[in-house]
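J.: Just so it is clear, I am handing over final-v3.csv, which has CSV, C-alpha atoms and all ligand atoms.
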chain,number,residue,atom,x,y,z
A,1,MET,CA,76.0,159.3,138.0
A,2,PRO,CA,73.0,157.5,139.4
A,3,VAL,CA,69.6,157.2,137.9
A,4,VAL,CA,67.7,160.5,138.2
A,5,LYS,CA,64.1,161.4,137.7
A,6,ALA,CA,63.3,163.0,134.4
A,7,ASN,CA,62.0,166.3,135.7
A,8,ASN,CA,62.7,169.7,134.2
A,9,THR,CA,65.8,170.5,136.2
A,10,ASN,CA,67.4,167.2,135.3
A,11,ILE,CA,66.4,167.4,131.7
A,12,SER,CA,68.2,170.8,131.6
A,13,LYS,CA,71.2,169.3,133.3
A,14,ALA,CA,71.2,166.4,130.8
A,15,ALA,CA,71.0,168.9,127.9
A,16,ARG,CA,74.1,170.7,129.3
A,17,ILE,CA,76.0,167.4,129.5
A,18,ILE,CA,75.1,166.6,125.9
A,19,LYS,CA,76.2,170.0,124.7
A,20,ASN,CA,79.5,169.5,126.5
A,21,ALA,CA,80.1,166.2,124.6
A,22,GLY,CA,78.9,163.9,127.4
A,23,LEU,CA,76.6,160.9,127.3
A,24,VAL,CA,73.0,160.7,128.7
A,25,ALA,CA,70.7,157.7,128.7
A,26,PHE,CA,67.1,158.8,128.1
A,27,PRO,CA,63.7,157.2,127.7
A,28,THR,CA,61.9,157.0,124.3
A,29,GLU,CA,58.6,155.1,123.6
A,30,THR,CA,60.6,152.2,122.1
A,31,VAL,CA,63.7,151.6,124.3
A,32,TYR,CA,66.1,153.7,126.3
A,33,GLY,CA,68.7,155.5,124.1
A,34,LEU,CA,72.3,156.3,124.8
A,35,GLY,CA,72.4,159.9,123.6
A,36,ALA,CA,75.2,162.2,122.5
A,37,ASP,CA,75.3,165.4,120.4
A,38,GLY,CA,74.7,164.0,116.9
A,39,LEU,CA,76.7,166.8,115.2
A,40,ASN,CA,79.8,166.4,117.4
A,41,PRO,CA,82.0,163.5,116.2
A,42,ILE,CA,84.0,163.4,119.5
A,43,ALA,CA,80.8,163.0,121.5
A,44,VAL,CA,79.5,160.3,119.1
A,45,ALA,CA,82.8,158.4,119.3
A,46,LYS,CA,82.1,158.0,123.0
A,47,ILE,CA,78.9,156.1,122.3
A,48,PHE,CA,80.9,153.5,120.3
A,49,GLU,CA,83.5,153.2,123.0
A,50,THR,CA,81.0,152.9,125.8
A,51,LYS,CA,78.9,150.2,124.1
A,52,SER,CA,81.8,148.4,122.5
A,53,ARG,CA,79.9,148.9,119.3
A,54,PRO,CA,81.6,148.1,116.0
A,55,LYS,CA,82.1,151.3,114.0
A,56,PHE,CA,80.5,149.9,110.8
A,57,ASN,CA,77.1,150.1,112.6
A,58,PRO,CA,75.6,153.5,112.0
A,59,LEU,CA,73.5,155.4,114.5
A,60,ILE,CA,70.0,157.0,114.4
A,61,LEU,CA,69.7,160.8,114.8
A,62,HIS,CA,66.7,161.8,116.9
A,63,VAL,CA,65.0,165.1,116.1
A,64,SER,CA,62.3,167.1,117.8
A,65,ASN,CA,60.9,169.1,114.9
A,66,LYS,CA,60.8,169.2,111.1
A,67,LYS,CA,63.4,172.0,110.8
A,68,MET,CA,66.0,169.8,112.5
A,69,PHE,CA,65.1,167.0,110.1
A,70,ARG,CA,65.7,169.3,107.1
A,71,ARG,CA,69.0,170.4,108.6
A,72,ILE,CA,70.4,166.9,108.3
A,73,THR,CA,68.6,165.2,105.3
A,74,ASN,CA,68.9,166.0,101.6
A,75,TYR,CA,66.0,164.5,99.8
A,76,ASN,CA,62.7,165.8,98.4
A,77,SER,CA,60.4,162.9,98.7
A,78,GLN,CA,56.7,163.2,98.8
A,79,LEU,CA,56.6,159.7,100.3
A,80,ALA,CA,58.9,160.6,103.1
A,81,GLU,CA,56.7,163.7,103.8
A,82,THR,CA,53.6,161.6,103.9
A,83,LEU,CA,55.1,159.0,106.3
A,84,ILE,CA,56.5,161.7,108.6
A,85,LYS,CA,53.1,163.4,108.7
A,86,LYS,CA,51.4,160.1,109.5
A,87,PHE,CA,53.8,158.4,111.8
A,88,TRP,CA,56.0,161.0,113.6
A,89,PRO,CA,56.5,161.3,116.4
A,90,GLY,CA,56.6,157.5,116.6
A,91,PRO,CA,58.5,154.3,116.2
A,92,LEU,CA,59.5,154.8,112.6
A,93,THR,CA,63.1,155.5,111.5
A,94,ILE,CA,63.6,156.7,107.9
A,95,VAL,CA,67.0,156.3,106.2
A,96,LEU,CA,67.6,159.1,103.6
A,97,PRO,CA,70.5,160.9,101.9
A,98,LYS,CA,72.4,163.0,104.4
A,99,LYS,CA,73.7,166.6,104.4
A,100,ASP,CA,77.4,167.4,104.9
A,101,ILE,CA,76.7,168.6,108.5
A,102,VAL,CA,76.2,165.0,109.6
A,103,PRO,CA,79.5,163.6,110.7
A,104,ASP,CA,80.8,160.4,109.0
A,105,ILE,CA,81.0,158.6,112.4
A,106,VAL,CA,77.2,158.8,112.7
A,107,THR,CA,76.5,157.2,109.4
A,108,ALA,CA,79.6,154.8,109.3
A,109,GLY,CA,80.7,156.5,106.1
A,110,ASN,CA,77.3,155.9,104.4
A,111,PRO,CA,75.9,158.8,102.3
A,112,THR,CA,72.6,158.2,104.1
A,113,VAL,CA,71.4,159.0,107.6
A,114,ALA,CA,68.8,157.3,109.8
A,115,VAL,CA,66.3,159.7,111.5
A,116,ARG,CA,63.4,159.5,113.8
A,117,MET,CA,61.2,161.7,116.0
A,118,PRO,CA,60.5,159.8,119.2
A,119,ASP,CA,57.0,159.9,120.7
A,120,HIS,CA,58.1,160.6,124.3
A,121,LYS,CA,57.8,163.9,126.2
A,122,VAL,CA,61.2,163.6,127.9
A,123,ALA,CA,63.0,162.7,124.7
A,124,LEU,CA,61.5,165.6,122.8
A,125,GLU,CA,62.2,168.1,125.6
A,126,LEU,CA,65.8,166.9,125.8
A,127,ILE,CA,66.4,167.2,122.1
A,128,GLU,CA,64.6,170.6,122.0
A,129,LYS,CA,66.8,171.9,124.9
A,130,CYS,CA,70.0,170.7,123.1
A,131,GLY,CA,68.9,172.3,119.9
A,132,VAL,CA,70.8,169.6,117.9
A,133,PRO,CA,69.8,166.1,116.8
A,134,ILE,CA,70.7,163.5,119.4
A,135,ALA,CA,72.6,160.4,118.1
A,136,ALA,CA,71.4,157.4,120.1
A,137,PRO,CA,71.6,153.7,119.9
A,138,SER,CA,69.8,151.5,122.4
A,139,ALA,CA,71.5,152.0,125.8
A,140,ASN,CA,73.0,148.5,126.2
A,141,ASP,CA,76.3,146.8,125.6
A,142,PHE,CA,76.5,145.8,121.9
A,143,GLY,CA,74.6,142.6,121.1
A,144,ARG,CA,72.9,142.4,124.5
A,145,LEU,CA,69.3,143.0,125.6
A,146,SER,CA,67.9,146.5,124.9
A,147,PRO,CA,66.7,148.4,128.0
A,148,THR,CA,63.1,149.3,128.6
A,149,THR,CA,63.6,150.8,132.1
A,150,ALA,CA,66.2,153.1,133.6
A,151,GLN,CA,67.3,150.2,135.9
A,152,HIS,CA,68.0,148.1,132.8
A,153,VAL,CA,70.4,150.8,131.6
A,154,ALA,CA,72.1,151.1,135.0
A,155,LYS,CA,72.6,147.3,135.0
A,156,GLN,CA,74.7,147.4,131.8
A,157,LEU,CA,76.1,150.9,131.5
A,158,GLY,CA,75.8,152.2,135.1
A,159,GLY,CA,79.3,153.7,136.1
A,160,LYS,CA,80.2,154.3,132.4
A,161,ILE,CA,77.9,157.3,131.5
A,162,ASP,CA,77.2,160.8,132.8
A,163,MET,CA,73.5,160.5,133.5
A,164,ILE,CA,70.5,158.2,133.3
A,165,LEU,CA,67.1,160.0,133.0
A,166,ASP,CA,64.4,157.9,134.5
A,167,GLY,CA,61.1,158.3,132.6
A,168,GLY,CA,59.5,155.0,133.6
A,169,ARG,CA,58.8,152.0,131.4
A,170,CYS,CA,58.9,152.3,127.6
A,171,SER,CA,55.4,151.8,126.3
A,172,VAL,CA,56.3,150.1,123.0
A,173,GLY,CA,59.2,148.0,124.2
A,174,VAL,CA,60.9,147.1,120.9
A,175,GLU,CA,63.1,149.3,118.8
A,176,SER,CA,61.7,151.4,115.9
A,177,THR,CA,60.9,150.0,112.5
A,178,ILE,CA,63.6,151.1,110.0
A,179,ILE,CA,62.9,151.8,106.4
A,180,LYS,CA,65.1,153.1,103.6
A,181,ILE,CA,63.7,155.3,100.9
A,182,ASP,CA,65.6,155.9,97.7
A,183,ASP,CA,64.9,156.2,94.0
A,184,GLY,CA,64.6,152.4,93.8
A,185,GLY,CA,61.7,152.3,96.3
A,186,VAL,CA,61.2,151.5,100.0
A,187,TYR,CA,63.1,148.8,101.8
A,188,LEU,CA,62.6,147.3,105.3
A,189,LEU,CA,65.9,147.3,107.2
A,190,ARG,CA,64.5,146.2,110.6
A,191,PRO,CA,61.0,145.3,111.6
A,192,GLY,CA,60.1,147.1,114.8
A,193,GLY,CA,57.5,149.0,116.9
A,194,LEU,CA,55.5,150.2,113.9
A,195,PRO,CA,53.9,147.2,112.0
A,196,VAL,CA,55.1,147.1,108.4
A,197,GLU,CA,51.5,146.6,107.3
A,198,TYR,CA,50.6,150.1,108.5
A,199,ILE,CA,53.4,151.7,106.5
A,200,GLU,CA,52.5,149.7,103.4
A,201,LYS,CA,49.1,151.4,103.3
A,202,TYR,CA,51.0,154.5,102.1
A,203,THR,CA,54.0,153.0,100.3
A,204,GLY,CA,52.6,149.8,98.7
A,205,LYS,CA,54.6,146.6,99.2
A,206,ILE,CA,57.9,147.2,101.0
A,207,LYS,CA,60.9,145.3,99.8
A,208,ARG,CA,62.5,143.1,102.4
A,209,LYS,CA,66.1,143.1,101.1
A,210,THR,CA,68.5,145.9,100.1
A,211,ALA,CA,70.6,145.4,97.0
A,212,ASP,CA,73.8,145.4,99.1
A,213,THR,CA,73.7,142.3,101.3
A,214,LYS,CA,77.5,142.1,101.9
A,215,LYS,CA,77.8,145.0,104.4
A,216,PRO,CA,75.5,144.8,107.4
A,217,VAL,CA,73.6,148.0,107.3
A,218,SER,CA,71.1,147.2,110.1
A,219,PRO,CA,71.0,144.7,113.0
A,220,GLY,CA,68.5,142.8,110.9
A,221,GLN,CA,71.4,141.8,108.8
A,222,LEU,CA,73.7,140.8,111.6
A,223,PRO,CA,73.6,137.0,112.5
A,224,PHE,CA,72.9,137.5,116.2
A,225,HIS,CA,71.9,140.3,118.5
A,226,TYR,CA,69.5,141.2,121.4
A,227,ALA,CA,70.7,138.2,123.5
A,228,PRO,CA,70.2,137.7,127.2
A,229,ASN,CA,73.2,136.4,129.2
A,230,ILE,CA,71.5,133.0,129.7
A,231,PRO,CA,71.0,130.4,126.9
A,232,ILE,CA,67.7,130.9,125.1
A,233,GLY,CA,65.9,128.7,122.6
A,234,PHE,CA,62.4,128.1,121.1
A,235,PHE,CA,60.6,125.2,122.6
A,236,ASN,CA,62.0,122.0,121.2
A,237,LYS,CA,62.4,118.4,122.4
A,238,ARG,CA,66.2,118.4,122.2
A,239,ALA,CA,66.4,121.3,124.6
A,240,PHE,CA,64.2,119.5,127.2
A,241,SER,CA,66.4,116.3,127.1
A,242,LYS,CA,69.7,118.3,127.1
A,243,TYR,CA,68.7,120.4,130.1
A,244,GLU,CA,66.9,117.6,132.0
A,245,GLY,CA,66.9,118.2,135.7
A,246,LYS,CA,68.1,121.8,135.2
A,247,LYS,CA,66.1,125.0,135.8
A,248,ILE,CA,64.1,126.1,132.8
A,249,GLY,CA,62.3,129.4,132.6
A,250,ALA,CA,59.4,129.6,130.1
A,251,ILE,CA,57.9,132.4,128.1
A,252,PHE,CA,54.5,131.8,126.5
A,253,PHE,CA,52.5,134.1,124.3
A,254,GLU,CA,49.0,133.8,125.7
A,255,LYS,CA,48.9,130.8,128.1
A,256,ALA,CA,51.2,128.1,129.5
A,257,LYS,CA,51.2,125.0,127.2
A,258,ALA,CA,54.1,122.6,127.7
A,259,ASP,CA,53.7,120.0,130.5
A,260,TYR,CA,57.0,120.5,132.5
A,261,ASN,CA,58.0,121.6,135.9
A,262,PHE,CA,59.4,125.0,134.9
A,263,SER,CA,61.1,127.1,137.6
A,264,SER,CA,59.4,130.2,136.3
A,265,VAL,CA,56.6,130.9,133.7
A,266,LYS,CA,55.9,134.2,132.1
A,267,ILE,CA,53.0,135.1,129.8
A,268,LEU,CA,53.6,137.8,127.3
A,269,SER,CA,50.0,138.8,127.0
A,270,ALA,CA,47.1,136.9,128.7
A,271,LYS,CA,44.7,138.6,126.3
A,272,GLY,CA,46.8,137.6,123.2
A,273,ASP,CA,47.6,141.2,122.4
A,274,LEU,CA,50.8,141.6,120.3
A,275,ARG,CA,51.3,145.2,121.5
A,276,GLU,CA,51.4,144.1,125.1
A,277,ALA,CA,53.6,141.2,124.2
A,278,ALA,CA,56.1,143.4,122.5
A,279,ALA,CA,56.2,145.8,125.6
A,280,ASN,CA,56.9,142.8,127.9
A,281,LEU,CA,59.5,141.0,125.8
A,282,PHE,CA,62.7,142.6,126.8
A,283,LEU,CA,61.4,143.2,130.3
A,284,PHE,CA,60.9,139.5,130.8
A,285,LEU,CA,64.3,138.6,129.4
A,286,HIS,CA,65.9,141.1,131.8
A,287,GLU,CA,64.0,139.5,134.6
A,288,PHE,CA,65.3,136.1,133.7
A,289,GLU,CA,68.8,137.5,133.8
A,290,SER,CA,68.4,138.1,137.5
A,291,GLU,CA,66.5,134.9,138.2
A,292,ASP,CA,68.1,131.5,138.9
A,293,VAL,CA,67.5,129.7,135.6
A,294,ASP,CA,69.9,127.7,133.3
A,295,LEU,CA,67.8,128.0,130.2
A,296,ILE,CA,65.0,130.2,128.8
A,297,LEU,CA,62.6,128.5,126.4
A,298,VAL,CA,60.2,130.7,124.5
A,299,GLU,CA,57.1,130.1,122.3
A,300,ARG,CA,57.1,131.4,118.8
A,301,VAL,CA,54.4,134.0,117.9
A,302,LYS,CA,52.6,134.7,114.7
A,303,GLU,CA,54.8,136.9,112.4
A,304,THR,CA,52.2,139.5,111.5
A,305,GLY,CA,51.9,143.0,112.9
A,306,LEU,CA,54.2,143.5,115.9
A,307,GLY,CA,54.8,139.7,115.9
A,308,GLU,CA,57.3,140.3,113.1
A,309,ALA,CA,59.4,142.5,115.4
A,310,ILE,CA,59.1,140.1,118.3
A,311,MET,CA,60.2,137.1,116.3
A,312,ASN,CA,63.0,139.1,114.7
A,313,ARG,CA,64.5,139.9,118.1
A,314,LEU,CA,63.9,136.3,119.4
A,315,LYS,CA,65.5,134.6,116.4
A,316,LYS,CA,68.6,136.7,116.7
A,317,ALA,CA,68.9,135.9,120.5
A,318,VAL,CA,68.3,132.2,119.9
A,319,LYS,CA,70.9,132.1,117.1
A,320,ARG,CA,73.6,133.1,119.6
A,321,TYR,CA,73.1,129.9,121.7
A,322,GLN,CA,72.0,127.2,119.3
A,323,VAL,CA,70.0,125.5,122.1
B,1,LIG,O1,63.9,152.6,118.7
B,1,LIG,C1,65.0,152.8,118.3
B,1,LIG,O2,65.3,152.8,117.1
B,1,LIG,C2,66.1,153.0,119.4
B,1,LIG,C3,65.8,154.2,120.1
B,1,LIG,C4,66.8,154.6,121.1
B,1,LIG,O3,65.5,155.3,119.2
B,1,LIG,N1,67.4,153.0,118.8
B,1,LIG,C5,68.0,152.0,118.3
B,1,LIG,O4,69.3,152.2,117.8
B,1,LIG,O5,67.5,150.8,118.2
B,1,LIG,P1,70.3,151.1,117.4
B,1,LIG,O6,71.6,151.8,117.1
B,1,LIG,O7,70.4,150.1,118.5
B,1,LIG,O8,69.8,150.5,116.1
B,1,LIG,C6,69.7,151.4,114.9
B,1,LIG,C7,70.1,150.7,113.7
B,1,LIG,C8,71.6,150.5,113.6
B,1,LIG,O9,72.0,149.3,114.1
B,1,LIG,C9,71.9,150.6,112.1
B,1,LIG,O10,72.2,149.4,111.6
B,1,LIG,C10,70.7,151.2,111.5
B,1,LIG,O11,69.8,151.6,112.6
B,1,LIG,N2,71.1,152.4,110.7
B,1,LIG,C11,71.5,153.6,111.2
B,1,LIG,N3,71.9,154.4,110.2
B,1,LIG,C12,71.7,153.7,109.1
B,1,LIG,C13,71.9,154.0,107.7
B,1,LIG,N4,72.4,155.2,107.3
B,1,LIG,N5,71.7,153.0,106.8
B,1,LIG,C14,71.2,151.8,107.2
B,1,LIG,N6,70.9,151.5,108.5
B,1,LIG,C15,71.2,152.4,109.4
B,2,MG,MG,70.4,148.2,119.7
Reformat the file's structure so that it appears as structure tokens.
T.:
Amino acid sequence: MPVVKANNTNISKAARIIKNAGLVAFPTETVYGLGADGLNPIAVAKIFETKSRPKFNPLILHVSNKKMFRRITNYNSQLAETLIKKFWPGPLTIVLPKKDIVPDIVTAGNPTVAVRMPDHKVALELIEKCGVPIAAPSANDFGRLSPTTAQHVAKQLGGKIDMILDGGRCSVGVESTIIKIDDGGVYLLRPGGLPVEYIEKYTGKIKRKTADTKKPVSPGQLPFHYAPNIPIGFFNKRAFSKYEGKKIGAIFFEKAKADYNFSSVKILSAKGDLREAAANLFLFLHEFESEDVDLILVERVKETGLGEAIMNRLKKAVKRYQV
């Protein structure tokens, strides 16, 4: 089905598709999600097939209200309550012990479940109309760029899913921050759209590593991810000599710096704003995928605030190509 406008009629249609075990891509404030009924294992299995996603990689359940959250999690944590009150709806995913109602395929057999309440009208209305939490990874092929517009979704998953709800551009542009709360404390599983420093105001210092480093529990622990289909590297001399005479696209943070005849130059945020930079990151990488360049070179940004999420995504992309 083609991309459709996210109006009331289409959101209702989308809810029916999801209740009938189909797949719908929908907007959130971070990136577009590929949604299925999170309590129906058959529907959830379709997400893994469609994305060619390894089954060891668990999914986030998206809720629209606290009652739904309590239906799926089994933990009385004052800290979780505080964070939810402060940051939901918003780009924060919390991993907590799950209730039996959550199918194993959602959590990849883990006794915990990742939950978030997206800060997007369309997403919230869709979940509300479904009446069940929606399981949704980013709506892209596994390991590739996350979509921040409905057209990005159509480019990768077009023909393979039942509906794409178009709600415009995602305002945050990088995936949610994922933390895990257990008796041992609070752990960062993936930096994302909510700066870790904001969360630490309520939790104290967040630990950067979980005890179990063998099994990848988050993309943060996979070697590469989030990659465009063109080689990408950080600015380095070797890349310039290796790609001499070839078409290079450049991404700078605030202003163009290197003295080279780039075929295309993109500036993440002319006013040096990390929020704007994060919102443009995947968008620019998608643009380069349809421009005629042989290599993308990108400037590193400061790893504070949203800069941590930006650099996390870029490092994973760069690792794939070893430019
Ligand atoms: O912003 C976002 O988080 C977007 C939108 C659609 O909500 N979703 C997203 O989903 O980025 P995904 O599947 O691409 O990344 C979520 C990650 C998974 O890769 C997984 O490693 C981690 O969350 N995760 C899910 N359940 C977990 C669990 N029980 N324990 C540890 N990590 C978990
Ligand atoms: Mg993803």
J.: Write out as CSV the residues of stretch 186-282 of chain A that have any atom within 8 Å of an atom of stretch 135-145 of chain A, one row each with the nearest atom pair and its distance in Å to one decimal, counting all atoms listed in the file, sorted by chain and then rising number.
T.:
residue,atom,partner,partner_atom,distance
A:Phe224,CA,A:Gly143,CA,7.3
A:His225,CA,A:Gly143,CA,4.4
A:Tyr226,CA,A:Leu145,CA,4.6
A:Ala227,CA,A:Arg144,CA,4.8
A:Pro228,CA,A:Leu145,CA,5.6
A:Asn229,CA,A:Arg144,CA,7.6
A:Phe282,CA,A:Leu145,CA,6.7
J.: Would you write out those residues with C-alpha atoms, as a compact mmCIF listing (two decimals), in the frame of the given file?
T.:
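Generated file (part_1.txt):
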# COMPACT_ATOMS: atom_id res chain seq x y z
CA PHE A 224 72.90 137.50 116.20
CA HIS A 225 71.90 140.30 118.50
CA TYR A 226 69.50 141.20 121.40
CA ALA A 227 70.70 138.20 123.50
CA PRO A 228 70.20 137.70 127.20
CA ASN A 229 73.20 136.40 129.20
CA PHE A 282 62.70 142.60 126.80
J.: Considering only C-alpha atoms, state which residue in the set A:Lys55, A:Lys246, A:Lys180, A:Arg320 is at the smallest distance from A:Ser77.
T.: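 Closest candidate: A:Lys180.
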J.: As an NGL selection string, please: the residues near A:Val172 (cut-off 6 Å, all atoms listed in the file, same-chain neighbours under 4 positions excluded).
T.: :A and (29-30 or 279)
J.: Write the residues of the preceding selection, restricted to C-alpha atoms, as a PDB file, in the frame of the given file.
T.:
ATOM      1  CA  GLU A  29      58.600 155.100 123.600  1.00  0.00           C
ATOM      2  CA  THR A  30      60.600 152.200 122.100  1.00  0.00           C
ATOM      3  CA  ALA A 279      56.200 145.800 125.600  1.00  0.00           C
TER       4      ALA A 279
END
J.: May I ask for the distance between atom CA of A:Lys205 and atom CA of A:Leu79, given in Å to one decimal place?
T.: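 Computed distance, atom CA of A:Lys205 to atom CA of A:Leu79, equals 13.3 Å.
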J.: For A:Leu34, work out the shell of residues within 12 Å, counting all atoms listed in the file and skipping chain neighbours fewer than 4 positions away, then give it as a PyMOL selection string.
T.: chain A and resi 14+18+22-28+38+43-44+46-51+53+59-62+123+134-142+146-147+150+153-154+156-158+160-165
J.: Using all atoms listed in the file, which residues sit within 9 Å of A:Thr203 once same-chain residues fewer than 5 positions away are excluded, as number ranges by chain?
T.: A: 79, 83, 185-186
J.: Write the residues of the preceding selection, restricted to C-alpha atoms, as a short mmCIF file (atom, residue, chain, number, x, y, z; two decimals), in the coordinates of the input.
T.:
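Generated file (again_31.cif):
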data_model
loop_
_atom_site.label_atom_id
_atom_site.label_comp_id
_atom_site.auth_asym_id
_atom_site.auth_seq_id
_atom_site.Cartn_x
_atom_site.Cartn_y
_atom_site.Cartn_z
CA LEU A 79 56.60 159.70 100.30
CA LEU A 83 55.10 159.00 106.30
CA GLY A 185 61.70 152.30 96.30
CA VAL A 186 61.20 151.50 100.00
#
J.: Which is closest to A:Asn280 among A:Ser12, A:Thr149, A:Thr93, A:Asn76, if we use all atoms listed in the file?
T.: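 With all atoms listed in the file as the atom set, the closest residue is A:Thr149.
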J.: Quick one: of A:Met68, A:Leu274, A:Leu297, A:Val174, who's nearest to ligand MG 2 (chain B), counting all atoms listed in the file?
T.: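 Between A:Met68, A:Leu274, A:Leu297, A:Val174, the residue approaching ligand MG 2 (chain B) most closely is A:Val174.
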J.: Any idea what's packed within 8 Å of A:Ala15, counting all atoms listed in the file, ignoring anything in its chain fewer than 3 positions away? Could you give it as a ChimeraX atom specification?
T.: /A:11-12,18-19,126-127,129-130
J.: Check every protein, DNA and RNA residue against ligand LIG 1 (chain B), keep those with an atom at most 6 Å away (counting only C-alpha atoms and all ligand atoms), and present them as a PyMOL selection string.
T.: chain A and resi 30-33+57-60+95+107+110+112-114+136-138+175-176+217-219
J.: Keeping only C-alpha atoms, write the selected residues to a file as a PDB file, in the frame of the given file.
T.:
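Output file out-v6.pdb is given in full below:
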ATOM      1  CA  THR A  30      60.600 152.200 122.100  1.00  0.00           C
ATOM      2  CA  VAL A  31      63.700 151.600 124.300  1.00  0.00           C
ATOM      3  CA  TYR A  32      66.100 153.700 126.300  1.00  0.00           C
ATOM      4  CA  GLY A  33      68.700 155.500 124.100  1.00  0.00           C
ATOM      5  CA  ASN A  57      77.100 150.100 112.600  1.00  0.00           C
ATOM      6  CA  PRO A  58      75.600 153.500 112.000  1.00  0.00           C
ATOM      7  CA  LEU A  59      73.500 155.400 114.500  1.00  0.00           C
ATOM      8  CA  ILE A  60      70.000 157.000 114.400  1.00  0.00           C
ATOM      9  CA  VAL A  95      67.000 156.300 106.200  1.00  0.00           C
ATOM     10  CA  THR A 107      76.500 157.200 109.400  1.00  0.00           C
ATOM     11  CA  ASN A 110      77.300 155.900 104.400  1.00  0.00           C
ATOM     12  CA  THR A 112      72.600 158.200 104.100  1.00  0.00           C
ATOM     13  CA  VAL A 113      71.400 159.000 107.600  1.00  0.00           C
ATOM     14  CA  ALA A 114      68.800 157.300 109.800  1.00  0.00           C
ATOM     15  CA  ALA A 136      71.400 157.400 120.100  1.00  0.00           C
ATOM     16  CA  PRO A 137      71.600 153.700 119.900  1.00  0.00           C
ATOM     17  CA  SER A 138      69.800 151.500 122.400  1.00  0.00           C
ATOM     18  CA  GLU A 175      63.100 149.300 118.800  1.00  0.00           C
ATOM     19  CA  SER A 176      61.700 151.400 115.900  1.00  0.00           C
ATOM     20  CA  VAL A 217      73.600 148.000 107.300  1.00  0.00           C
ATOM     21  CA  SER A 218      71.100 147.200 110.100  1.00  0.00           C
ATOM     22  CA  PRO A 219      71.000 144.700 113.000  1.00  0.00           C
TER      23      PRO A 219
END
J.: Rank nothing, just name the residue among A:Thr82, A:Ser64, A:Thr148, A:Thr73 nearest to ligand MG 2 (chain B), using all atoms listed in the file.
T.: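 Of all the options, A:Thr148 lies closest to ligand MG 2 (chain B).
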J.: Tell me which of A:Gly249, A:Gly192, A:Gly35, A:Gly233 sits closest to A:Gly305, counting only C-alpha atoms.
T.: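 Checking each candidate against A:Gly305, we get A:Gly192 as the closest.
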J.: For a quick check of understanding, using only C-alpha atoms, which of A:Lys237, A:Arg116, A:Lys315, A:Lys86 has the smallest distance to A:Lys201?
T.: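 Among the listed residues, the smallest separation from A:Lys201 belongs to A:Lys86.
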J.: Skip stretch 258-267 of chain A itself and residues of its chain fewer than 5 positions away, then list as a PyMOL selection string all residues within 8 Å of it, counting all atoms listed in the file.
T.: chain A and resi 247-253+284+293
J.: So how far away is atom CA of A:Glu303 from atom CA of A:Ile179, in Å?
T.: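 Atom-to-atom, atom CA of A:Ile179 to atom CA of A:Glu303, that is 18.0 Å.
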